[in-house]
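Okay, data-v2.cif now, which holds mmCIF, C-alpha atoms and all ligand atoms:
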data_start
#
loop_
_atom_site.label_atom_id
_atom_site.label_comp_id
_atom_site.auth_asym_id
_atom_site.auth_seq_id
_atom_site.Cartn_x
_atom_site.Cartn_y
_atom_site.Cartn_z
CA MET A 1 218.49 175.27 211.33
CA GLU A 2 216.55 172.25 212.41
CA GLU A 3 218.41 169.24 213.74
CA MET A 4 216.70 166.09 212.51
CA THR A 5 219.01 163.40 213.87
CA GLU A 6 217.12 163.03 217.12
CA ARG A 7 213.74 163.25 215.58
CA PHE A 8 213.21 159.68 214.47
CA TYR A 9 211.00 157.29 216.23
CA ARG A 10 210.74 153.61 215.97
CA GLU A 11 209.35 151.95 212.96
CA PRO A 12 205.96 153.68 212.48
CA TYR A 13 204.06 150.38 212.75
CA CYS A 14 205.35 149.80 216.29
CA ARG A 15 202.19 149.89 218.42
CA GLU A 16 203.57 148.42 221.65
CA PHE A 17 206.95 148.80 223.30
CA GLN A 18 208.76 148.71 226.62
CA ALA A 19 210.87 151.52 228.01
CA VAL A 20 212.36 152.79 231.24
CA VAL A 21 210.95 155.86 232.99
CA THR A 22 213.74 158.46 233.22
CA ALA A 23 211.71 161.28 234.74
CA CYS A 24 208.24 161.91 236.15
CA GLU A 25 207.25 165.44 237.08
CA LYS A 26 204.03 166.74 238.61
CA ARG A 27 202.39 169.29 236.36
CA LYS A 28 199.38 171.53 236.77
CA ASN A 29 197.04 169.00 235.15
CA GLY A 30 198.59 165.58 235.70
CA TRP A 31 202.13 164.39 235.18
CA ALA A 32 204.86 164.61 232.54
CA VAL A 33 206.81 161.41 231.94
CA ALA A 34 210.07 160.98 230.02
CA LEU A 35 211.28 157.57 228.82
CA ASP A 36 214.61 156.26 227.58
CA ASP A 37 212.89 155.44 224.29
CA THR A 38 209.42 155.86 222.89
CA ALA A 39 207.16 155.02 219.97
CA PHE A 40 204.81 157.88 220.81
CA TYR A 41 204.86 160.59 218.16
CA PRO A 42 205.12 164.08 219.68
CA GLU A 43 203.09 166.83 218.08
CA GLY A 44 205.12 168.31 215.25
CA GLY A 45 205.28 169.05 211.54
CA GLY A 46 201.54 169.66 211.60
CA GLN A 47 200.85 166.12 212.77
CA PRO A 48 199.00 165.78 216.10
CA ALA A 49 200.49 163.82 219.00
CA ASP A 50 199.75 160.18 219.66
CA HIS A 51 197.51 159.07 222.50
CA GLY A 52 197.66 155.75 224.32
CA VAL A 53 198.74 154.22 227.63
CA LEU A 54 201.90 153.67 229.65
CA ASP A 55 201.13 150.75 232.00
CA ASP A 56 197.88 151.83 233.62
CA VAL A 57 198.07 155.58 233.03
CA ASN A 58 196.66 157.36 229.98
CA VAL A 59 198.87 159.39 227.67
CA LEU A 60 196.84 162.47 226.76
CA ASP A 61 199.42 164.48 224.87
CA VAL A 62 203.05 164.16 223.76
CA HIS A 63 205.42 166.95 222.96
CA ARG A 64 209.10 167.64 222.60
CA ARG A 65 210.83 170.23 224.76
CA ASP A 66 214.59 170.87 224.73
CA GLY A 67 215.21 167.56 223.00
CA VAL A 68 213.17 165.54 225.51
CA ILE A 69 209.89 163.88 224.59
CA TRP A 70 207.37 164.40 227.40
CA HIS A 71 204.31 162.20 227.73
CA GLU A 72 201.53 164.01 229.54
CA THR A 73 199.72 161.46 231.66
CA ASP A 74 196.82 161.33 234.08
CA GLY A 75 198.87 159.43 236.69
CA PRO A 76 202.46 159.19 237.98
CA LEU A 77 204.99 156.50 237.01
CA GLU A 78 207.97 155.47 239.14
CA GLU A 79 211.38 156.59 237.85
CA GLY A 80 213.63 153.69 236.88
CA LYS A 81 210.66 151.38 236.29
CA THR A 82 210.22 149.53 232.99
CA VAL A 83 206.79 150.30 231.60
CA SER A 84 204.73 148.99 228.68
CA GLY A 85 203.61 151.55 226.17
CA LYS A 86 200.66 151.06 223.86
CA ILE A 87 199.68 153.53 221.17
CA ASP A 88 196.08 154.29 220.27
CA TRP A 89 196.53 152.69 216.89
CA GLU A 90 193.22 153.76 215.33
CA ARG A 91 194.12 157.40 215.93
CA ARG A 92 197.73 156.99 214.82
CA PHE A 93 196.86 155.08 211.63
CA ARG A 94 194.40 157.80 210.62
CA HIS A 95 197.17 160.34 211.14
CA MET A 96 199.52 158.24 208.98
CA GLN A 97 196.91 158.00 206.23
CA ASN A 98 196.17 161.72 206.32
CA HIS A 99 199.81 162.69 206.55
CA THR A 100 200.89 160.44 203.67
CA GLY A 101 197.90 161.61 201.62
CA GLU A 102 199.03 165.17 202.20
CA HIS A 103 202.51 164.25 200.91
CA ILE A 104 200.98 162.91 197.70
CA VAL A 105 198.81 165.99 197.13
CA SER A 106 201.55 168.52 198.03
CA GLY A 107 204.10 166.63 195.94
CA LEU A 108 201.81 166.50 192.89
CA ILE A 109 200.98 170.20 193.17
CA HIS A 110 204.67 171.04 193.50
CA GLN A 111 205.39 168.87 190.43
CA LYS A 112 202.65 170.47 188.31
CA THR A 113 202.93 174.12 189.41
CA GLY A 114 206.22 174.54 191.28
CA TYR A 115 204.27 175.92 194.26
CA ASP A 116 205.35 175.14 197.80
CA ASN A 117 203.31 174.00 200.73
CA VAL A 118 203.73 177.11 202.91
CA GLY A 119 201.24 176.34 205.67
CA PHE A 120 199.88 173.11 206.99
CA HIS A 121 197.35 172.20 209.64
CA MET A 122 195.92 168.82 210.53
CA GLY A 123 192.77 169.07 212.64
CA LYS A 124 189.33 167.69 211.79
CA GLU A 125 190.51 168.02 208.22
CA ILE A 126 193.82 168.80 206.59
CA GLN A 127 194.40 172.35 205.50
CA ILE A 128 197.30 173.13 203.15
CA ASP A 129 198.34 176.55 201.84
CA PHE A 130 200.20 176.90 198.54
CA ASN A 131 201.95 180.04 197.38
CA GLY A 132 200.23 180.35 194.01
CA PRO A 133 196.70 180.29 192.62
CA MET A 134 195.04 177.17 191.19
CA SER A 135 191.86 176.61 189.22
CA ALA A 136 189.12 174.17 190.21
CA GLU A 137 190.10 172.04 187.18
CA GLN A 138 193.75 171.87 188.26
CA ILE A 139 192.74 170.84 191.77
CA ARG A 140 190.37 168.16 190.45
CA GLU A 141 193.19 166.85 188.27
CA VAL A 142 195.46 166.59 191.33
CA GLU A 143 192.74 164.74 193.24
CA LEU A 144 192.37 162.16 190.46
CA GLU A 145 196.13 161.81 190.06
CA ALA A 146 196.60 161.34 193.84
CA ASN A 147 194.07 158.49 193.80
CA ARG A 148 195.82 156.90 190.82
CA ILE A 149 199.06 156.87 192.83
CA ILE A 150 197.10 155.20 195.64
CA MET A 151 195.56 152.59 193.32
CA ASN A 152 199.03 151.82 191.91
CA ASN A 153 200.05 151.06 195.49
CA THR A 154 203.25 153.04 194.97
CA PRO A 155 205.77 152.35 197.78
CA VAL A 156 206.52 155.02 200.36
CA GLN A 157 210.24 154.84 201.02
CA GLU A 158 212.54 156.50 203.49
CA THR A 159 216.20 157.17 202.74
CA PHE A 160 218.99 158.89 204.64
CA PRO A 161 221.14 160.47 201.94
CA SER A 162 224.63 161.81 202.59
CA ALA A 163 225.24 165.57 202.58
CA GLU A 164 226.80 165.22 199.08
CA GLU A 165 223.79 163.33 197.73
CA LEU A 166 221.44 165.77 199.37
CA ALA A 167 223.21 168.72 197.78
CA VAL A 168 222.29 167.47 194.31
CA THR A 169 218.80 166.19 195.15
CA ASP A 170 215.70 168.22 194.42
CA TYR A 171 213.37 167.64 197.34
CA ARG A 172 210.66 169.55 199.17
CA SER A 173 211.43 170.91 202.60
CA LYS A 174 209.96 173.64 204.72
CA LYS A 175 213.15 174.33 206.63
CA GLU A 176 216.85 174.34 205.97
CA LEU A 177 218.09 171.09 207.44
CA SER A 178 221.33 169.85 208.90
CA GLY A 179 222.50 166.56 210.37
CA LYS A 180 220.91 163.32 209.28
CA VAL A 181 218.05 164.13 206.95
CA ARG A 182 215.27 161.66 206.28
CA LEU A 183 213.77 161.85 202.82
CA ILE A 184 210.35 160.35 202.15
CA SER A 185 209.87 159.37 198.54
CA ILE A 186 206.67 158.37 196.80
CA PRO A 187 207.84 157.81 193.21
CA GLY A 188 205.82 159.81 190.71
CA ALA A 189 204.36 161.99 193.45
CA ASP A 190 206.74 163.32 196.05
CA LEU A 191 210.21 163.61 197.51
CA CYS A 192 210.23 165.45 200.80
CA ALA A 193 212.33 165.80 203.94
CA CYS A 194 210.06 164.79 206.81
CA CYS A 195 210.12 163.31 210.29
CA GLY A 196 206.44 162.43 210.52
CA THR A 197 204.86 158.98 210.39
CA HIS A 198 203.89 157.43 207.05
CA VAL A 199 202.22 154.30 205.74
CA LYS A 200 204.40 151.76 203.87
CA THR A 201 202.61 151.91 200.55
CA ALA A 202 200.32 154.50 198.98
CA GLY A 203 197.57 151.86 198.81
CA GLU A 204 197.21 152.04 202.59
CA VAL A 205 196.11 155.66 202.25
CA GLY A 206 193.01 154.21 200.59
CA LEU A 207 191.49 157.44 199.36
CA VAL A 208 192.27 161.13 198.99
CA LYS A 209 189.32 163.51 198.84
CA ILE A 210 189.68 167.24 198.24
CA LEU A 211 186.89 168.85 200.27
CA GLY A 212 187.23 172.37 198.99
CA PHE A 213 189.57 175.27 198.36
CA GLU A 214 189.65 179.02 198.74
CA LYS A 215 191.86 181.93 197.79
CA HIS A 216 194.47 182.52 200.48
CA LYS A 217 196.84 185.49 200.29
CA ASP A 218 198.35 185.20 196.77
CA GLY A 219 197.77 181.49 196.67
CA VAL A 220 195.27 178.83 197.51
CA ARG A 221 194.19 177.01 200.68
CA ILE A 222 193.10 173.44 200.06
CA PHE A 223 191.01 171.33 202.45
CA MET A 224 191.32 167.56 202.20
CA LYS A 225 190.97 164.26 204.01
CA ALA A 226 192.63 160.91 203.40
CA GLY A 227 192.06 157.32 204.44
CA LEU A 228 189.24 156.35 206.78
CA ASP A 229 188.56 160.02 207.51
CA ALA A 230 187.99 160.61 203.78
CA LEU A 231 185.80 157.52 203.44
CA GLU A 232 183.65 158.56 206.42
CA GLU A 233 183.30 162.05 204.93
CA VAL A 234 182.20 160.62 201.57
CA ILE A 235 179.69 158.30 203.27
CA ALA A 236 178.24 161.14 205.38
CA VAL A 237 177.91 163.49 202.40
CA TYR A 238 176.48 160.71 200.22
CA ASP A 239 173.87 159.85 202.87
CA GLU A 240 172.90 163.50 203.18
CA ASN A 241 172.55 163.86 199.42
CA HIS A 242 170.49 160.67 199.37
CA LYS A 243 167.99 162.24 201.77
CA ILE A 244 167.89 165.47 199.75
CA SER A 245 167.36 163.46 196.58
CA ALA A 246 164.40 161.60 198.12
CA GLU A 247 162.93 164.82 199.52
CA LEU A 248 163.11 166.57 196.13
CA SER A 249 162.29 163.47 194.04
CA ALA A 250 165.46 164.24 192.10
CA GLU A 251 168.19 161.91 190.89
CA MET A 252 171.24 161.80 193.18
CA GLN A 253 173.40 163.70 190.69
CA LYS A 254 170.72 166.26 189.90
CA THR A 255 169.95 167.53 193.41
CA HIS A 256 171.64 170.87 192.78
CA ALA A 257 169.42 171.68 189.78
CA ALA A 258 166.39 170.65 191.87
CA VAL A 259 167.40 172.98 194.71
CA VAL A 260 167.93 175.87 192.28
CA ARG A 261 164.42 175.25 190.90
CA LEU A 262 162.97 175.11 194.40
CA LYS A 263 164.66 178.38 195.36
CA GLN A 264 163.30 180.04 192.24
CA GLU A 265 159.77 178.79 193.00
CA ASN A 266 160.11 180.10 196.52
CA GLU A 267 161.21 183.51 195.24
CA ASP A 268 158.26 183.61 192.82
CA ARG A 269 155.81 182.73 195.60
CA LYS A 270 157.29 185.35 197.92
CA ARG A 271 156.89 187.98 195.21
CA ALA A 272 153.28 186.92 194.54
CA LEU A 273 152.48 186.95 198.26
CA TYR A 274 153.96 190.42 198.62
CA ALA A 275 151.86 191.76 195.74
CA MET A 276 148.76 190.12 197.17
CA THR A 277 149.42 191.58 200.63
CA VAL A 278 149.85 195.05 199.13
CA ARG A 279 146.42 194.68 197.42
CA TYR A 280 144.90 193.46 200.69
CA LEU A 281 146.32 196.45 202.59
CA ASP A 282 144.71 198.75 200.00
CA THR A 283 141.32 197.44 201.15
CA VAL A 284 142.33 197.87 204.81
CA VAL A 285 143.31 201.50 204.22
CA ASP A 286 140.17 202.15 202.11
CA ALA A 287 137.94 201.02 204.98
CA VAL A 288 139.47 203.51 207.47
CA GLU A 289 137.62 206.71 208.28
CA ASP A 290 139.46 209.94 207.52
CA GLY A 291 140.88 212.06 210.37
CA ALA A 292 140.28 209.61 213.24
CA PRO A 293 142.12 210.33 216.51
CA LEU A 294 143.23 206.67 216.70
CA VAL A 295 143.30 203.92 214.06
CA ILE A 296 144.11 200.38 215.19
CA CYS A 297 144.90 197.71 212.59
CA ALA A 298 145.37 194.20 213.90
CA GLU A 299 146.89 191.91 211.29
CA GLU A 300 148.60 188.55 211.07
CA ASP A 301 151.57 187.21 209.09
CA ILE A 302 152.38 190.53 207.47
CA GLU A 303 155.94 191.36 206.51
CA ARG A 304 157.66 194.01 208.65
CA THR A 305 158.28 196.50 205.85
CA LEU A 306 154.62 196.36 204.84
CA LEU A 307 153.52 197.05 208.42
CA GLY A 308 155.61 200.22 208.30
CA LYS A 309 154.06 201.18 204.97
CA LEU A 310 150.56 200.57 206.36
CA ALA A 311 151.20 202.87 209.34
CA GLU A 312 152.65 205.49 206.98
CA ARG A 313 149.55 205.37 204.74
CA LEU A 314 147.20 205.70 207.73
CA LEU A 315 148.95 208.94 208.69
CA GLU A 316 149.47 210.22 205.16
CA GLU A 317 146.27 209.26 203.34
CA LYS A 318 143.81 208.94 206.23
CA HIS A 319 145.20 211.71 208.44
CA ALA A 320 145.05 209.56 211.56
CA ARG A 321 146.37 211.36 214.64
CA VAL A 322 147.81 208.09 215.97
CA ALA A 323 148.15 204.90 213.91
CA ALA A 324 148.68 201.63 215.78
CA VAL A 325 149.59 198.59 213.69
CA LEU A 326 149.58 195.23 215.47
CA ASN A 327 150.79 191.95 214.04
CA ARG A 328 149.93 188.69 215.74
CA THR A 329 152.97 186.48 216.45
CA GLY A 330 151.35 183.92 218.76
CA GLU A 331 148.51 183.41 221.19
CA ASP A 332 148.02 186.76 222.96
CA ARG A 333 151.27 187.97 221.44
CA PHE A 334 151.61 190.91 219.10
CA THR A 335 154.31 193.17 217.75
CA TYR A 336 153.35 196.82 217.69
CA LEU A 337 154.26 199.86 215.67
CA ILE A 338 152.62 203.10 216.78
CA CYS A 339 153.16 206.26 214.72
CA SER A 340 152.07 209.88 214.88
CA ARG A 341 152.90 213.21 213.27
CA SER A 342 151.52 215.35 216.11
CA VAL A 343 151.90 213.41 219.38
CA ASP A 344 155.24 212.73 221.11
CA LEU A 345 154.87 208.98 221.62
CA ARG A 346 157.92 208.28 223.77
CA PRO A 347 156.27 208.75 227.19
CA TYR A 348 153.44 206.39 226.18
CA ALA A 349 155.74 203.44 225.51
CA LYS A 350 156.32 202.92 229.23
CA THR A 351 152.61 203.15 230.13
CA LEU A 352 151.60 200.70 227.39
CA ASN A 353 154.43 198.26 228.12
CA SER A 354 153.59 198.06 231.80
CA ALA A 355 149.84 197.69 231.16
CA LEU A 356 150.23 195.12 228.37
CA ASN A 357 153.21 193.07 229.46
CA GLY A 358 155.23 194.65 226.70
CA ARG A 359 158.69 195.76 225.80
CA GLY A 360 160.09 198.28 223.37
CA GLY A 361 160.41 202.02 222.80
CA GLY A 362 161.43 204.41 220.08
CA LYS A 363 161.40 208.03 218.99
CA PRO A 364 158.87 210.89 219.34
CA GLU A 365 157.29 209.97 215.98
CA TYR A 366 157.14 206.19 216.45
CA ILE A 367 157.43 203.50 219.09
CA GLN A 368 157.71 199.77 218.46
CA GLY A 369 158.01 196.55 220.40
CA SER A 370 155.79 193.68 221.51
CA PHE A 371 152.82 193.10 223.80
CA ALA A 372 151.94 189.85 225.55
CA ALA A 373 148.22 190.43 226.09
CA PRO A 374 144.87 189.56 224.46
CA LEU A 375 143.83 191.74 221.53
CA ASP A 376 140.79 193.11 223.40
CA ALA A 377 142.98 194.32 226.26
CA ILE A 378 145.40 195.95 223.81
CA ARG A 379 142.57 197.72 221.99
CA ALA A 380 141.05 198.92 225.30
CA GLU A 381 144.39 200.25 226.56
CA LEU A 382 145.16 202.04 223.26
CA GLU A 383 141.69 203.64 223.32
CA LYS A 384 142.26 204.70 226.91
CA VAL A 385 145.64 206.27 226.12
CA PHE A 386 145.05 207.80 222.67
CA GLY A 387 141.29 207.70 221.98
ZN ZN A 401 205.86 163.23 206.21
#

Take the structure in this file and express it as structure tokens.
Ligand SMILES: [Zn+2]
Amino acid sequence: MEEMTERFYREPYCREFQAVVTACEKRKNGWAVALDDTAFYPEGGGQPADHGVLDDVNVLDVHRRDGVIWHETDGPLEEGKTVSGKIDWERRFRHMQNHTGEHIVSGLIHQKTGYDNVGFHMGKEIQIDFNGPMSAEQIREVELEANRIIMNNTPVQETFPSAEELAVTDYRSKKELSGKVRLISIPGADLCACCGTHVKTAGEVGLVKILGFEKHKDGVRIFMKAGLDALEEVIAVYDENHKISAELSAEMQKTHAAVVRLKQENEDRKRALYAMTVRYLDTVVDAVEDGAPLVICAEEDIERTLLGKLAERLLEEKHARVAAVLNRTGEDRFTYLICSRSVDLRPYAKTLNSALNGRGGGKPEYIQGSFAAPLDAIRAELEKVFG
């Protein structure tokens, strides 16, 4: 059972405070400082720790161990000294917005479906797992409803009910609680036991944006942002869509259809190019003499599978003893595929690679790789080896 009595911090809007240093211990990376009181929120309940300063040292992390809140700092502080603490308010306020936004969304989902929030993570975005499936429409409905709660500026209240009151109250909680329990209520949205930090009214959350969702176990995992984080996300995505819209000469809300069209056109062109290349290779094969000891075809921009087919046809239809298919990939750079039905090609790979700055190898019936040499030099070397 989780004891909540000790887990309250000062009023969540307290950004600056004074406290006495009760312990300062050297740690592997810096120091750990304990105070007789603190407004720093230690990592917990899925909410990240506060950052800030204590006098002139930086607080890089805060966590609770054995009932003591330790501030990890980059410098030591004298025990018994009164120090001034200052919280990185920008960071903390974003956490409060996200955390309160998560309450609204989890509470609404619980209200509508009875599902519980069974996993929670607050990193670059908030990730919440619910123990039942939801449709895209249901999730969209929750998103709209959450923002209505925000626009109504519904108050976020904390109460400390007695054990008797608690026994008859229906509230969300991840753990069985004892001692003094703090309930956070957002009328119409949520009632939840929580020791995190919250904004005073839903309006301060500003905005809730669901970023996406996926099936997770038997339920659903929802990704969201709230507050300034959500606004920044919307701005970034809007700007990106604006660029796509300009690039495709499509209206902002019709970029998807334009991309689908573009993809289709691309597919059609690829198919046409493939057919054209096949017809071109027919002429290449037709021009080859039958039964030659060595046939070299030097091509450019030909798809890999078609290069294989070309080599195959040179052996099959033109009875070449050795077929060498080159494909230019840059200045004095070629890929090679050399095939034969009668010659074991493996020993030749080494000779060719060392003469032509190449790499690669293969099997008795084919070797492949790349050469970094001019075409004339490649032709001359192939003639020397196989001609
Ligand atoms: Zn909370």

Please give me, as JSON, numbers by chain, the residues lying within 12 Å of ligand ZN 401 (chain A) when counting all atoms listed in the file. {"A": [8, 12, 44, 45, 46, 47, 95, 96, 97, 98, 99, 100, 101, 102, 103, 104, 105, 106, 107, 120, 156, 157, 158, 172, 173, 174, 182, 183, 184, 185, 186, 190, 191, 192, 193, 194, 195, 196, 197, 198, 199, 200]}

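Residue nearest Ala292 in chain A, chosen from A:Glu204, A:Glu383, A:Asp344, A:Glu251 and counting all atoms listed in the file: A:Glu383.
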
If you count all atoms listed in the file, which residues fall within 8 Å of range 68-81 of chain A, apart from same-chain ones fewer than 3 positions away, as a list of chain:residue names? A:Val20, A:Val21, A:Thr22, A:Ala23, A:Cys24, A:Glu25, A:Lys26, A:Asn29, A:Gly30, A:Trp31, A:Ala32, A:Val33, A:Ala34, A:Leu35, A:Pro42, A:Val57, A:Asn58, A:Val59, A:Leu60, A:Asp61, A:Val62, A:His63, A:Arg64, A:Arg65

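Counting only C-alpha atoms and comparing A:Thr351, A:Asn357, A:Thr159, A:Gln368, the residue that lies closest to Leu382 in chain A is A:Thr351.
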
I'd like to know which of A:Gly360, A:Phe213, A:Glu365, A:Phe386 is closest to Ser342 in chain A, using only C-alpha atoms. A:Glu365

Between CA of Asp36 in chain A and CA of Ala19 in chain A, what distance in Å does the model show, to one decimal? 6.1 Å

For a quick check of understanding, using all atoms listed in the file, which of A:Lys225, A:Arg269, A:Lys28, A:Lys350 has the smallest distance to Gly123 in chain A? A:Lys225

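Relative to CA of Asn327 in chain A, CA of Leu306 in chain A is found at 10.9 Å.
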
Report, in Å to a single decimal, how far apart CA of Thr169 in chain A and CA of Val181 in chain A are.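 Atom-to-atom, CA of Val181 in chain A and CA of Thr169 in chain A are spaced 12.0 Å apart.
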
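If all atoms listed in the file are the atoms counted, then among A:Gly219, A:Pro155, A:Pro374, A:Gly212 the closest residue to Ala189 in chain A is A:Pro155.
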
Shortest interatomic distance to Tyr280 in chain A - which of A:Glu214, A:Asp376, A:Glu299, A:Glu265, counting only C-alpha atoms: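 Closest to Tyr280 in chain A, using only C-alpha atoms: A:Glu299.
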
So that each row is one residue of range 215-249 of chain A with an atom at most 12 Å from range 139-142 of chain A, can you give its shortest atom pair and the distance in Å to one decimal, using only C-alpha atoms, rows by chain and rising number, as JSON lines?
{"residue": "A:Val220", "atom": "CA", "partner": "A:Ile139", "partner_atom": "CA", "distance": 10.2}
{"residue": "A:Arg221", "atom": "CA", "partner": "A:Ile139", "partner_atom": "CA", "distance": 10.9}
{"residue": "A:Ile222", "atom": "CA", "partner": "A:Ile139", "partner_atom": "CA", "distance": 8.7}
{"residue": "A:Phe223", "atom": "CA", "partner": "A:Ile139", "partner_atom": "CA", "distance": 10.8}
{"residue": "A:Met224", "atom": "CA", "partner": "A:Ile139", "partner_atom": "CA", "distance": 11.0}

Who sits within 8 Å of Glu300 in chain A, only C-alpha atoms, same chain under 2 positions skipped, as a CSV table (one decimal) with C-alpha atoms, in the coordinates of the input:
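For reference, part_6.csv as written:
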chain,number,residue,atom,x,y,z
A,298,ALA,CA,145.4,194.2,213.9
A,302,ILE,CA,152.4,190.5,207.5
A,327,ASN,CA,150.8,192.0,214.0
A,328,ARG,CA,149.9,188.7,215.7
A,329,THR,CA,153.0,186.5,216.4
